[in-house]
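A short worksheet on the structure shown next.
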Amino acid sequence: MLHTEIAIIGGGPAGMCAAIAAAGQGARVTLFDRGKKLGGQLVKQTHRFFGSEKEYAGIRGIDIAKILCDEVEKNKLIDVKTDTTILAIYNDGVITYEEGKNYKRITSEKTIIATGASEKMLLFENNDLPGVYGAGAVQTLMNEHGIVPGNKVLMIGAGNIGLIVSYQLMQAGVKVEAIIDASPNIGGYLVHASKVKRLGVPILTSHTIKRALGKESVEGAVICELDEKWQPVSGTEKELDVDVICLAVGLSPQSELLRHTGCEVKYVPGLGGYVPMRDGNLQTTVNGIYVAGDTAEVEEASSAMVEGTIAGLSAAESLGYGKNISELKKSFISDLDSLRSGAVGEKIRSGIQKLGC
Amino acid sequence: MDEKNIYLCRCENFTLKELHDLLDSGITSMEEIKRLSRGTMGPCQGKTCRDLIAKEIANYLNKDMSEIDMPTYRAPVKPVKLGEIAGGNKNA
């Protein structure tokens, strides 16, 4: 059986930064990703990032993936295993995985779980029709494979993902008929909302989808208004001529592997659902198991990168590597605090407070 | 609203109507509902439907999501062929 000092599960922004940070202190790292290439969701982010310069603000997500990927690949202490899916973490410390078509096992001193999140689904009539997509799936199709999902789209969710993917659809020549959101407010940044509004896309707040129309695939959608109690207002039904219904209604942390370890979790809706309890080092309640990124709480790539760095440094420190790690960590913890400052970070701040750690 | 056409679990074709029928018949434990409906037991292993089913049960019982008996997560997290596992010893 193979052995590694730090196993990092997930090669997205959090996992890559964790690997770079831990190996930077001298630890031997094995970085796993189920994709053919590292990068996670970054590889489909064609827009420029916000935030601070240290977290690559002003650079497109896809280019950030390249920068991190190069750094991972040139570090001899990092063993990269792509096309590899972790299947289980057992309580005797054995981690099983499928590499290509082979079933294998490895043990590790420390493990960092950075498996990201999966898309939430919505309940409405005919929600199983082909043509109902998650926004992440639409991004994968368009930005990775160069395929448009259809011609006319109803976007559900006016958060940043809904707004950005709407803009990307328009860049690809697809018409976005409307963006609707059940909330009375637009959840995403104003700059993104203004951009799509200027291009003539209506953003209808306090609206929801009632049903998808069509037999073999989506041929239309019925939407309606919601009152202050989020109940449908009768007589406000409107039919839209669309062939794609795109759902950008949030993400759930992918916590299966975390659950295998038996670490304590808590249900905090503001953080995406069930999330692990963790300390300042991002260690869970199970000794040696760390988390970073959307698995810890659904946020965005900039904070995932900082969390990855903190988890990587902490894991390396616990193995006795490095000298001034606690000072270094402090600076990243303050970066994380500043990313979460202001009105935008309110949901995350109060969520983490509810988590009680 | 036609609950027959609202899918909770697309892998196992488990609809809102079927969930409400189970709940109305007095079966309100998510563990039991999972076993009876196979919801969460398809190829995606509940990634999409787990929270939807739990939330619907919570609404029905007028409870908080955190009070619902969420089923445990078992290994492996994705379907894997037995043949692959059988050949896995070569790496032991």
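Following the order of the structure tokens, chains are lettered A, B, ..., residues in each are numbered from 1, and ligands are numbered from 1.
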- Which residues of chain A are close to chain B, meaning at most 6 Å apart when you count only C-alpha atoms, and how do they look as a PyMOL selection string? chain A and resi 1+87-88+102-104+124-126+256+267
How about saving the chosen residues, N, CA and C atoms kept, as a PDB file, in the first residue's frame?
```
ATOM      1  N   MET A   1       0.847  -1.197   0.000  1.00  0.00           N
ATOM      2  CA  MET A   1       0.000   0.000   0.000  1.00  0.00           C
ATOM      3  C   MET A   1       0.883   1.247   0.000  1.00  0.00           C
ATOM      4  N   LEU A  87     -12.657   6.979  -3.109  1.00  0.00           N
ATOM      5  CA  LEU A  87     -13.906   6.244  -2.909  1.00  0.00           C
ATOM      6  C   LEU A  87     -14.328   6.215  -1.449  1.00  0.00           C
ATOM      7  N   ALA A  88     -13.362   6.183  -0.549  1.00  0.00           N
ATOM      8  CA  ALA A  88     -13.718   6.057   0.860  1.00  0.00           C
ATOM      9  C   ALA A  88     -12.529   6.397   1.746  1.00  0.00           C
ATOM     10  N   ASN A 102      -8.344   1.346 -12.046  1.00  0.00           N
ATOM     11  CA  ASN A 102      -7.738   0.514 -11.010  1.00  0.00           C
ATOM     12  C   ASN A 102      -8.134   0.950  -9.614  1.00  0.00           C
ATOM     13  N   TYR A 103      -8.417  -0.032  -8.793  1.00  0.00           N
ATOM     14  CA  TYR A 103      -8.795   0.202  -7.401  1.00  0.00           C
ATOM     15  C   TYR A 103      -7.527   0.125  -6.554  1.00  0.00           C
ATOM     16  N   LYS A 104      -7.244   1.187  -5.804  1.00  0.00           N
ATOM     17  CA  LYS A 104      -5.995   1.230  -5.046  1.00  0.00           C
ATOM     18  C   LYS A 104      -6.213   1.758  -3.642  1.00  0.00           C
ATOM     19  N   PHE A 124     -40.106  21.687  -9.331  1.00  0.00           N
ATOM     20  CA  PHE A 124     -41.200  22.269 -10.124  1.00  0.00           C
ATOM     21  C   PHE A 124     -41.661  21.192 -11.092  1.00  0.00           C
ATOM     22  N   GLU A 125     -42.829  21.373 -11.661  1.00  0.00           N
ATOM     23  CA  GLU A 125     -43.377  20.348 -12.543  1.00  0.00           C
ATOM     24  C   GLU A 125     -42.477  20.126 -13.761  1.00  0.00           C
ATOM     25  N   ASN A 126     -42.301  18.879 -14.094  1.00  0.00           N
ATOM     26  CA  ASN A 126     -41.485  18.463 -15.249  1.00  0.00           C
ATOM     27  C   ASN A 126     -40.005  18.836 -15.094  1.00  0.00           C
ATOM     28  N   GLU A 256     -19.544  13.795   1.504  1.00  0.00           N
ATOM     29  CA  GLU A 256     -19.560  12.338   1.738  1.00  0.00           C
ATOM     30  C   GLU A 256     -18.285  11.847   2.415  1.00  0.00           C
ATOM     31  N   TYR A 267     -25.932  21.684  10.625  1.00  0.00           N
ATOM     32  CA  TYR A 267     -26.718  22.215   9.520  1.00  0.00           C
ATOM     33  C   TYR A 267     -26.795  23.735   9.617  1.00  0.00           C
TER      34      TYR A 267
END
```
Any chance you could list, as a compact mmCIF listing (two decimals) with C-alpha atoms, in the first residue's frame, the residues in region 62-245 of chain A that come up strand (DSSP E or B) when DSSP is run on the backbone?
```txt
# COMPACT_ATOMS: atom_id res chain seq x y z
CA ILE A 78 3.77 17.07 -4.83
CA ASP A 79 2.61 13.83 -6.44
CA VAL A 80 -0.39 14.60 -8.64
CA LYS A 81 -2.96 11.91 -9.33
CA THR A 84 -8.51 9.54 -9.74
CA THR A 85 -11.58 9.45 -7.52
CA ILE A 86 -11.31 8.88 -3.80
CA LEU A 87 -13.91 6.24 -2.91
CA ALA A 88 -13.72 6.06 0.86
CA ILE A 89 -11.84 7.02 3.99
CA VAL A 94 -6.90 3.66 4.78
CA ILE A 95 -8.06 5.74 1.82
CA THR A 96 -9.31 3.83 -1.22
CA TYR A 97 -9.39 5.30 -4.70
CA GLU A 98 -10.06 4.51 -8.31
CA GLU A 99 -7.20 5.59 -10.56
CA ASN A 102 -7.74 0.51 -11.01
CA TYR A 103 -8.79 0.20 -7.40
CA LYS A 104 -5.99 1.23 -5.05
CA ARG A 105 -5.24 2.10 -1.45
CA ILE A 106 -3.12 4.66 0.34
CA THR A 107 -2.54 5.80 3.90
CA SER A 108 -1.65 9.30 5.02
CA GLU A 109 -0.48 11.11 8.14
CA LYS A 110 -2.84 14.02 7.48
CA THR A 111 -5.70 14.45 5.05
CA ILE A 112 -7.15 17.66 3.63
CA ILE A 113 -10.62 17.33 2.15
CA ALA A 117 -19.75 21.48 -3.74
CA SER A 118 -22.51 20.17 -5.97
CA GLU A 119 -25.42 22.04 -7.51
CA GLU A 125 -43.38 20.35 -12.54
CA VAL A 132 -33.15 21.58 -17.38
CA TYR A 133 -29.52 22.25 -16.48
CA GLY A 134 -27.49 23.32 -13.51
CA LYS A 152 -33.25 30.61 -25.42
CA VAL A 153 -32.62 30.39 -21.70
CA LEU A 154 -34.56 31.07 -18.55
CA MET A 155 -32.03 31.59 -15.75
CA ILE A 156 -33.26 30.83 -12.26
CA LYS A 175 -30.51 34.55 -25.82
CA VAL A 176 -31.33 34.90 -22.12
CA GLU A 177 -35.07 35.59 -21.95
CA ALA A 178 -35.11 36.44 -18.26
CA ILE A 179 -33.35 35.94 -14.96
CA ILE A 180 -35.74 35.26 -12.11
CA ASP A 181 -35.17 35.00 -8.38
CA ILE A 203 -34.14 40.49 -13.84
CA LEU A 204 -37.44 39.59 -12.19
CA THR A 205 -37.17 39.40 -8.41
CA HIS A 207 -40.56 35.37 -9.13
CA THR A 208 -40.41 31.59 -9.29
CA ILE A 209 -40.85 28.82 -11.85
CA LYS A 210 -44.06 26.79 -11.69
CA ARG A 211 -43.49 24.31 -14.45
CA ALA A 212 -41.45 23.40 -17.45
CA LEU A 213 -43.39 22.83 -20.66
CA GLY A 220 -41.20 26.62 -22.51
CA ALA A 221 -41.56 27.64 -18.89
CA VAL A 222 -44.32 29.06 -16.73
CA ILE A 223 -43.21 31.58 -14.11
CA CYS A 224 -45.22 33.53 -11.54
CA GLU A 225 -44.85 36.26 -8.95
CA LEU A 226 -44.36 35.62 -5.23
CA PRO A 232 -47.39 32.37 -5.55
CA LYS A 238 -46.57 34.04 -17.50
CA GLU A 239 -45.36 31.71 -20.22
CA LEU A 240 -41.84 32.09 -21.58
CA VAL A 244 -33.26 25.75 -21.65
CA ILE A 245 -34.00 26.21 -17.97
```
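Among the candidates B:Asp69, B:Ser25, B:Gly42, B:Arg35, the residue lying nearest to Ala54 (chain B) is B:Asp69 (atoms considered: only C-alpha atoms).
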- Message: From a backbone DSSP assignment, name each residue in chain B labelled helix (DSSP H, G or I), as a count of residues only.
- Response: 45
- For each of A:Gly272, A:Ile9, A:Asp70, A:Lys229, take the minimum atom-to-atom distance to Asp33 (chain A), counting only C-alpha atoms, then give the residue where this is smallest.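 The closest residue to Asp33 (chain A) is A:Ile9.
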- Find the spatial neighbours of Ser37 (chain B), counting only C-alpha atoms, within a cut-off of 10 Å - ignore same-chain residues fewer than 4 positions away - and output them as number ranges by chain. B: 9, 12-15, 18-19, 22, 32-33, 41
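For the pair CA of Val344 (chain A) and CA of Gly270 (chain A), the interatomic distance is 12.5 Å.
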- Counting only C-alpha atoms, figure out which residue out of A:Ala114, A:Ala316, A:Val191, A:Leu122 gets nearest to Phe50 (chain A).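 Going through A:Ala114, A:Ala316, A:Val191, A:Leu122 one by one, the smallest distance to Phe50 (chain A) is for A:Val191.
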- Task: Could you tell me which of A:Phe32, A:Tyr56, A:Trp230, A:Tyr290 comes closest to Ser183 (chain A) if we count only C-alpha atoms?
- Result: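 Checking each of A:Phe32, A:Tyr56, A:Trp230, A:Tyr290 against Ser183 (chain A), counting only C-alpha atoms, the winner is A:Trp230.
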- Message: Calculated over only C-alpha atoms, which of the candidates A:Lys36, A:His192, A:Arg259, A:Lys266 has the smallest distance to Lys354 (chain A)?
- Response: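 Smallest separation from Lys354 (chain A) among the options: A:Lys266.
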